[in-house]
Structure formats: C-alpha cells, structure tokens
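Pasting query.txt here (compact mmCIF, C-alpha atoms and all ligand atoms):
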```
# COMPACT_ATOMS: atom_id res chain seq x y z
CA MET A 1031 -119.97 101.19 198.46
CA GLU A 1032 -121.73 104.52 199.01
CA MET A 1033 -123.41 106.17 201.92
CA ARG A 1034 -125.61 109.27 202.25
CA ASN A 1035 -123.98 112.05 204.13
CA ASP A 1036 -126.97 113.71 205.84
CA SER A 1037 -124.79 116.25 207.61
CA ALA A 1038 -124.04 117.82 204.21
CA ALA A 1039 -127.79 118.41 203.73
CA ALA A 1040 -128.11 119.82 207.20
CA ALA A 1041 -125.33 122.26 206.42
CA GLY A 1042 -127.40 123.87 203.68
CA SER A 1043 -127.04 121.64 200.59
CA SER A 1044 -130.26 120.87 198.79
CA GLU A 1045 -129.55 117.12 198.54
CA PRO A 1046 -127.74 114.67 200.76
CA LYS A 1047 -124.29 114.12 199.39
CA ARG A 1048 -123.24 110.60 198.37
CA ILE A 1049 -119.73 109.71 199.43
CA LYS A 1050 -117.58 106.67 198.83
CA VAL A 1051 -116.59 104.50 201.75
CA GLY A 1052 -114.98 101.11 202.00
CA LEU A 1053 -114.77 98.22 204.43
CA VAL A 1054 -111.51 96.35 204.22
CA PRO A 1055 -110.92 93.03 205.98
CA LEU A 1056 -107.52 93.24 207.64
CA PHE A 1057 -105.42 90.57 209.33
CA SER A 1058 -107.09 87.47 207.95
CA THR A 1059 -105.89 84.16 209.35
CA TRP A 1060 -105.34 81.51 206.71
CA VAL A 1061 -106.20 77.91 207.59
CA TYR A 1062 -105.42 75.35 204.89
CA GLN A 1063 -108.01 72.58 204.74
CA CYS A 1064 -107.62 69.42 202.70
CA GLU A 1065 -110.12 66.57 202.93
CA GLU A 1066 -108.04 64.34 200.68
CA GLY A 1067 -104.85 63.70 202.60
CA PRO A 1068 -102.75 60.56 202.00
CA ARG A 1069 -105.42 58.05 203.09
CA HIS A 1070 -103.57 55.24 201.32
CA LEU A 1071 -100.90 55.51 204.05
CA ASN A 1072 -103.36 55.32 206.95
CA THR A 1073 -103.24 51.57 207.59
CA GLU A 1074 -99.44 51.60 207.73
CA LEU A 1075 -99.34 54.76 209.85
CA GLU A 1076 -101.79 53.22 212.30
CA GLY A 1077 -99.66 50.07 212.50
CA LEU A 1078 -96.57 52.20 213.11
CA ALA A 1079 -98.34 54.10 215.93
CA HIS A 1080 -99.29 50.85 217.63
CA ARG A 1081 -95.77 49.44 217.28
CA LEU A 1082 -94.32 52.57 218.88
CA MET A 1083 -96.91 52.55 221.68
CA ALA A 1084 -95.81 49.06 222.68
CA ASP A 1085 -92.61 50.58 224.12
CA ASP A 1086 -93.24 52.83 227.15
CA ARG A 1087 -90.14 54.91 226.43
CA ASN A 1088 -91.80 56.31 223.29
CA GLY A 1089 -94.62 58.13 225.08
CA THR A 1090 -94.48 61.58 226.73
CA ARG A 1091 -96.66 64.36 228.08
CA ARG A 1092 -96.86 67.75 226.32
CA THR A 1093 -100.14 69.61 225.82
CA ASN A 1094 -102.00 66.32 226.00
CA HIS A 1095 -104.19 65.55 229.00
CA GLY A 1096 -104.33 61.79 228.75
CA GLY A 1097 -103.69 60.25 225.38
CA TRP A 1098 -100.43 59.02 223.94
CA HIS A 1099 -97.92 61.52 222.54
CA TYR A 1100 -94.83 60.28 220.70
CA ALA A 1101 -91.75 61.56 222.53
CA PHE A 1102 -89.47 62.02 219.51
CA ASP A 1103 -89.49 63.45 215.99
CA ALA A 1104 -91.65 61.11 213.91
CA PHE A 1105 -89.92 62.30 210.75
CA GLU A 1106 -86.66 60.81 212.07
CA LEU A 1107 -88.15 57.32 211.96
CA GLN A 1108 -86.47 55.21 209.29
CA GLU A 1109 -89.71 53.86 207.85
CA PRO A 1110 -90.75 53.90 204.19
CA VAL A 1111 -94.26 55.06 205.15
CA ILE A 1112 -92.76 58.07 206.96
CA ALA A 1113 -90.69 58.97 203.88
CA GLN A 1114 -93.87 58.92 201.77
CA PHE A 1115 -95.79 60.87 204.38
CA ARG A 1116 -93.05 63.51 204.60
CA LYS A 1117 -92.98 63.98 200.84
CA THR A 1118 -96.75 64.53 200.69
CA MET A 1119 -96.75 66.90 203.67
CA GLU A 1120 -93.89 68.93 202.19
CA GLN A 1121 -95.96 69.36 199.03
CA HIS A 1122 -98.93 70.61 201.08
CA VAL A 1123 -96.78 73.07 203.05
CA GLN A 1124 -95.25 74.28 199.79
CA GLY A 1125 -98.76 74.68 198.36
CA TYR A 1126 -99.77 76.82 201.35
CA LEU A 1127 -96.72 79.07 200.89
CA ASN A 1128 -97.08 79.42 197.15
CA HIS A 1129 -100.76 80.32 197.47
CA PHE A 1130 -99.58 83.78 198.53
CA ARG A 1131 -97.20 84.27 195.61
CA PRO A 1132 -98.37 85.50 192.24
CA GLU A 1133 -98.03 83.36 189.13
CA GLY A 1134 -94.43 83.36 187.99
CA ARG A 1135 -93.14 84.04 191.53
CA LYS A 1136 -94.01 80.62 192.95
CA LYS A 1137 -90.93 78.72 194.09
CA LYS A 1138 -89.56 75.83 196.08
CA ASP A 1139 -88.72 76.69 199.68
CA THR A 1140 -86.32 74.99 202.05
CA PHE A 1141 -87.83 74.10 205.40
CA ARG A 1142 -87.76 71.31 207.95
CA LEU A 1143 -90.69 69.28 209.27
CA ARG A 1144 -90.73 67.90 212.80
CA GLY A 1145 -93.71 65.87 213.88
CA TRP A 1146 -95.24 63.57 216.44
CA ILE A 1147 -98.04 61.04 216.63
CA ASN A 1148 -101.04 61.51 218.95
CA VAL A 1149 -103.41 58.76 220.02
CA ASN A 1150 -106.45 59.98 221.95
CA ARG A 1151 -109.19 57.91 223.53
CA ALA A 1152 -112.32 58.79 225.53
CA GLY A 1153 -111.62 61.55 228.05
CA ASP A 1154 -108.39 62.76 226.39
CA PHE A 1155 -107.91 66.37 225.28
CA ASN A 1156 -105.18 68.94 224.54
CA LEU A 1157 -104.74 72.26 226.31
CA LEU A 1158 -104.62 75.63 224.55
CA HIS A 1159 -101.19 76.18 222.99
CA SER A 1160 -99.25 77.50 220.02
CA HIS A 1161 -95.99 76.32 218.45
CA PRO A 1162 -93.12 78.79 219.00
CA GLY A 1163 -90.07 78.59 216.77
CA CYS A 1164 -91.97 77.46 213.67
CA PHE A 1165 -93.88 79.22 210.91
CA LEU A 1166 -96.59 76.68 210.04
CA SER A 1167 -98.19 73.92 212.10
CA ALA A 1168 -100.43 71.12 210.94
CA THR A 1169 -102.44 68.08 211.87
CA TYR A 1170 -103.18 65.09 209.66
CA TYR A 1171 -105.93 62.74 210.85
CA VAL A 1172 -104.95 59.12 210.33
CA LYS A 1173 -107.98 57.65 212.07
CA VAL A 1174 -111.14 59.26 213.47
CA PRO A 1175 -113.83 56.82 214.65
CA GLU A 1176 -117.24 57.91 213.39
CA ALA A 1177 -118.86 56.98 216.69
CA MET A 1178 -116.62 59.41 218.59
CA LYS A 1179 -118.14 62.63 219.88
CA GLY A 1180 -116.11 65.76 220.61
CA GLY A 1181 -112.48 65.97 219.65
CA GLU A 1182 -112.86 69.17 217.63
CA ILE A 1183 -109.80 71.36 217.24
CA TYR A 1184 -110.64 74.93 218.36
CA PHE A 1185 -108.73 77.89 216.98
CA ARG A 1186 -108.75 80.82 219.38
CA ASP A 1187 -109.51 84.25 217.99
CA PRO A 1188 -105.99 85.75 217.74
CA ARG A 1189 -107.20 89.36 218.02
CA GLY A 1190 -106.47 89.43 221.74
CA PRO A 1191 -108.33 92.53 222.98
CA ALA A 1192 -111.37 91.66 220.84
CA VAL A 1193 -112.09 88.80 223.20
CA ALA A 1194 -112.57 91.34 226.00
CA MET A 1195 -114.90 93.46 223.85
CA TYR A 1196 -117.55 90.95 222.97
CA GLU A 1197 -120.34 92.86 224.71
CA THR A 1198 -122.27 94.63 221.98
CA PRO A 1199 -125.86 93.71 222.94
CA GLY A 1200 -128.24 93.60 220.02
CA ILE A 1201 -125.61 94.30 217.38
CA ASP A 1202 -124.38 91.42 215.27
CA LEU A 1203 -120.85 92.26 214.25
CA PRO A 1204 -119.08 89.79 211.99
CA TRP A 1205 -116.13 89.36 214.34
CA ILE A 1206 -118.24 88.71 217.41
CA GLY A 1207 -118.35 85.10 218.52
CA ALA A 1208 -118.67 83.30 221.81
CA GLY A 1209 -115.07 84.24 222.54
CA VAL A 1210 -114.03 80.60 222.68
CA GLY A 1211 -112.88 80.14 219.11
CA ILE A 1212 -113.78 78.47 215.85
CA PRO A 1213 -114.10 74.66 215.87
CA PHE A 1214 -113.08 72.27 213.10
CA ALA A 1215 -114.44 68.73 213.34
CA PRO A 1216 -111.79 66.32 212.07
CA ALA A 1217 -112.42 63.20 210.00
CA THR A 1218 -110.14 60.49 208.67
CA GLY A 1219 -107.90 61.78 205.90
CA TYR A 1220 -108.26 65.49 206.76
CA LEU A 1221 -105.28 67.80 206.88
CA LEU A 1222 -105.20 71.24 208.50
CA ILE A 1223 -102.26 73.66 208.18
CA PHE A 1224 -102.26 76.98 210.04
CA PRO A 1225 -99.87 79.68 211.25
CA SER A 1226 -97.87 78.42 214.24
CA TRP A 1227 -98.84 81.46 216.31
CA LEU A 1228 -102.55 80.57 216.07
CA GLU A 1229 -103.52 79.19 219.46
CA HIS A 1230 -105.56 76.00 219.47
CA ARG A 1231 -106.81 73.24 221.74
CA VAL A 1232 -108.47 69.89 221.27
CA GLU A 1233 -111.81 69.10 222.86
CA ARG A 1234 -112.35 66.07 225.03
CA PHE A 1235 -113.40 62.89 223.27
CA GLU A 1236 -116.37 60.77 224.21
CA GLY A 1237 -117.12 57.34 222.91
CA GLU A 1238 -115.38 54.16 221.88
CA GLY A 1239 -112.23 53.72 219.87
CA GLU A 1240 -109.14 55.84 219.34
CA ARG A 1241 -108.28 58.87 217.27
CA ILE A 1242 -104.83 58.87 215.67
CA SER A 1243 -103.33 62.05 214.28
CA ILE A 1244 -99.90 63.22 213.21
CA ALA A 1245 -99.10 66.81 214.11
CA PHE A 1246 -96.08 68.59 212.71
CA ASN A 1247 -94.35 71.93 212.51
CA ALA A 1248 -92.50 73.56 209.64
CA SER A 1249 -89.47 75.63 210.58
CA ASN A 1250 -86.28 76.87 208.99
CA PRO A 1251 -83.91 73.94 208.49
FE FE B 1 -100.75 72.00 218.42
```

Written as structure tokens, how would this file's structure read?
Amino acid sequence: MEMRNDSAAAAGSSEPKRIKVGLVPLFSTWVYQCEEGPRHLNTELEGLAHRLMADDRNGTRRTNHGGWHYAFDAFELQEPVIAQFRKTMEQHVQGYLNHFRPEGRKKKDTFRLRGWINVNRAGDFNLLHSHPGCFLSATYYVKVPEAMKGGEIYFRDPRGPAVAMYETPGIDLPWIGAGVGIPFAPATGYLLIFPSWLEHRVERFEGEGERISIAFNASNP
C-alpha cells in the first residue's frame, strides 16, 4: 500500500511524496475447526459416557464447575469405539501440523493423545485454563442439545497487555474487542483444535438435556 508523505511537501518539494508502507499481521493464533467430526461414533461414545458415569469412582473435578469429568485417560479405555475415535483424532492433529509445512515437506509425526469425557448439564461451566505440557488441545462435541443455551467455548485474547489497553474511544482497531475473548458455539459433530497455551473457558449452560464432549491433548509420547 502507499501513503502520501505531506511532510516532504512541507519541506519544499513541489508534490507530496508517495512512499510504500505495509501492515503485517503478526502472531496469528490458529484454531482448527471441523464441522464434520466422526458423527457415526456418537451413539456409541454417548453410551460409553453413560456406562462410565454409573460408577462414582470414574468422576473427578478439574476445571469443571458442576458437570461430570472422567477421572482417567479416555484413550486408555479398551473399547473399539475409542480405537476408532483415536485414529480419527490423530488424523486431524496430523492435518493441523501438516498445514504449516509446504508441499513435499509434510510428514507423519509421533505424538500421544490423552483425553477425557465431559458431561455438562444446566448450570455447569468450566473455568479459564490452558493445558501445560502439551502442544495442541482439542474438543470434540459428541452431543449438543439444540434447546440448550450458552455453553460457548471462549478463547481469551493471548496478547496479554492488549487486554489492558482496550481504551481507544472512537477508534475501531481490528484487535480491539470486549476483552473477554472470542466465542465458538459448539454443535454436535464439531471438532476444535487449538494451541495448548491458548486460554479458554466454557460458558454456563441453560436449558434441558446434557452436552457430551471429549477433550484431549497432544503431547510428545
Ligand atoms: Fe480445556
């Protein structure tokens, strides 16, 4: 792009000088969105969640306020549906990684997935957190009731000091938001993958029914 340099004219030139300038977006945050996750596994995954919930020892409390959070690594479960789910999720994670490699440099990486099942009902939410010790984190939505309100996952703007500098009255800058983050409204079959350092929280649900999701992290094996 070009801009007119009026100071050049003021300094004695007959015409304003045109100079080249550029605006470069730095430090983008890449969130992988897929609306066509493995829906054909959803019925079995839901059945598995309910079987696990029947035993009190399987539930725990992490970032969840209310809700049911599987206490162990879901990928350790010796279930055919988990083996299929793992295979699909590994392909998605690999797709995310290879997106950043040029043609001819794409490859197969070695990484480990660890995951857990979440079941949220009305009033349940998850506090702001990130996932240390991993490089990518993800959520797959097994079941999201259409009648449910809320429940969005909010990604917090990772440019820390920017949050404190949101006061630019009357000037709409592209990085200025409400300071609370960017929401994604989940639906059944959606998959989100994002950098593990990206802080996020889950809004409180309202309404009938339950939302079932499987969250997982990718780390070095
Ligand atoms: Fe999380």

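CA of Phe1155 (chain A) is found 19.3 Å from CA of His1080 (chain A).
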
Expected selection as number ranges by chain for ligand FE 1 (chain B) within 10 Å, all atoms listed in the file | A: 1092-1094, 1156-1161, 1167-1169, 1183, 1224, 1226-1232, 1245-1247

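Counting only C-alpha atoms and comparing A:Gln1114, A:Asn1148, A:Thr1073, A:Asn1035, the residue that lies closest to Ala1101 (chain A) is A:Asn1148.
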
Write out as number ranges by chain which residues come within 12 Å of Ser1058 (chain A) when counting only C-alpha atoms, dropping same-chain ones fewer than 6 positions away.
-> A: 1187-1189, 1205, 1224-1225, 1228

Judged by all atoms listed in the file, the minimum distance to Pro1251 (chain A) among A:Phe1235, A:Phe1165, A:Tyr1220, A:Phe1141 is found for A:Phe1141

Which residues are close to Gly1096 (chain A), i.e. within 9 Å by all atoms listed in the file, leaving aside same-chain residues fewer than 2 positions away? Reply as a PDB file with C-alpha atoms, keeping the file's coordinate frame.
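Final output, result18.pdb:
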```
ATOM      1  CA  ARG A1091     -96.660  64.360 228.080  1.00  0.00           C
ATOM      2  CA  ASN A1094    -102.000  66.320 226.000  1.00  0.00           C
ATOM      3  CA  TRP A1098    -100.430  59.020 223.940  1.00  0.00           C
ATOM      4  CA  HIS A1099     -97.920  61.520 222.540  1.00  0.00           C
ATOM      5  CA  ASN A1150    -106.450  59.980 221.950  1.00  0.00           C
ATOM      6  CA  ARG A1151    -109.190  57.910 223.530  1.00  0.00           C
ATOM      7  CA  GLY A1153    -111.620  61.550 228.050  1.00  0.00           C
ATOM      8  CA  ASP A1154    -108.390  62.760 226.390  1.00  0.00           C
ATOM      9  CA  PHE A1155    -107.910  66.370 225.280  1.00  0.00           C
ATOM     10  CA  ASN A1156    -105.180  68.940 224.540  1.00  0.00           C
TER      11      ASN A1156
END
```

Nearest residue to Val1149 (chain A) from the set A:Tyr1171, A:Tyr1062, A:Phe1057, A:Phe1115 (distances using all atoms listed in the file) | A:Tyr1171

CA of Thr1118 (chain A) and CA of Lys1137 (chain A), how far apart in Å?
-> 16.7 Å

Non-local contacts of Lys1173 (chain A) (8 Å; all atoms listed in the file; under 4 positions in same chain excluded) as a VMD selection string | chain A and resid 1072 1076 1217 to 1219 1240 to 1243

Looking at A:His1122, A:Lys1179, A:Lys1136, A:Arg1186, which one is nearest to Glu1066 (chain A), with distances taken over all atoms listed in the file?
-> A:His1122

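Note that CA of Ala1248 (chain A) and CA of Arg1131 (chain A) are 18.3 Å apart.
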
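Minimum atom-to-atom distance to Leu1166 (chain A), evaluated using only C-alpha atoms, belongs to A:Ser1249 out of A:Ser1044, A:Ser1249, A:Asn1128, A:Thr1059.
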
Pick from A:Ala1104, A:Met1083, A:Glu1120, A:Val1174, whichever lies nearest to Gly1239 (chain A) using only C-alpha atoms = A:Val1174
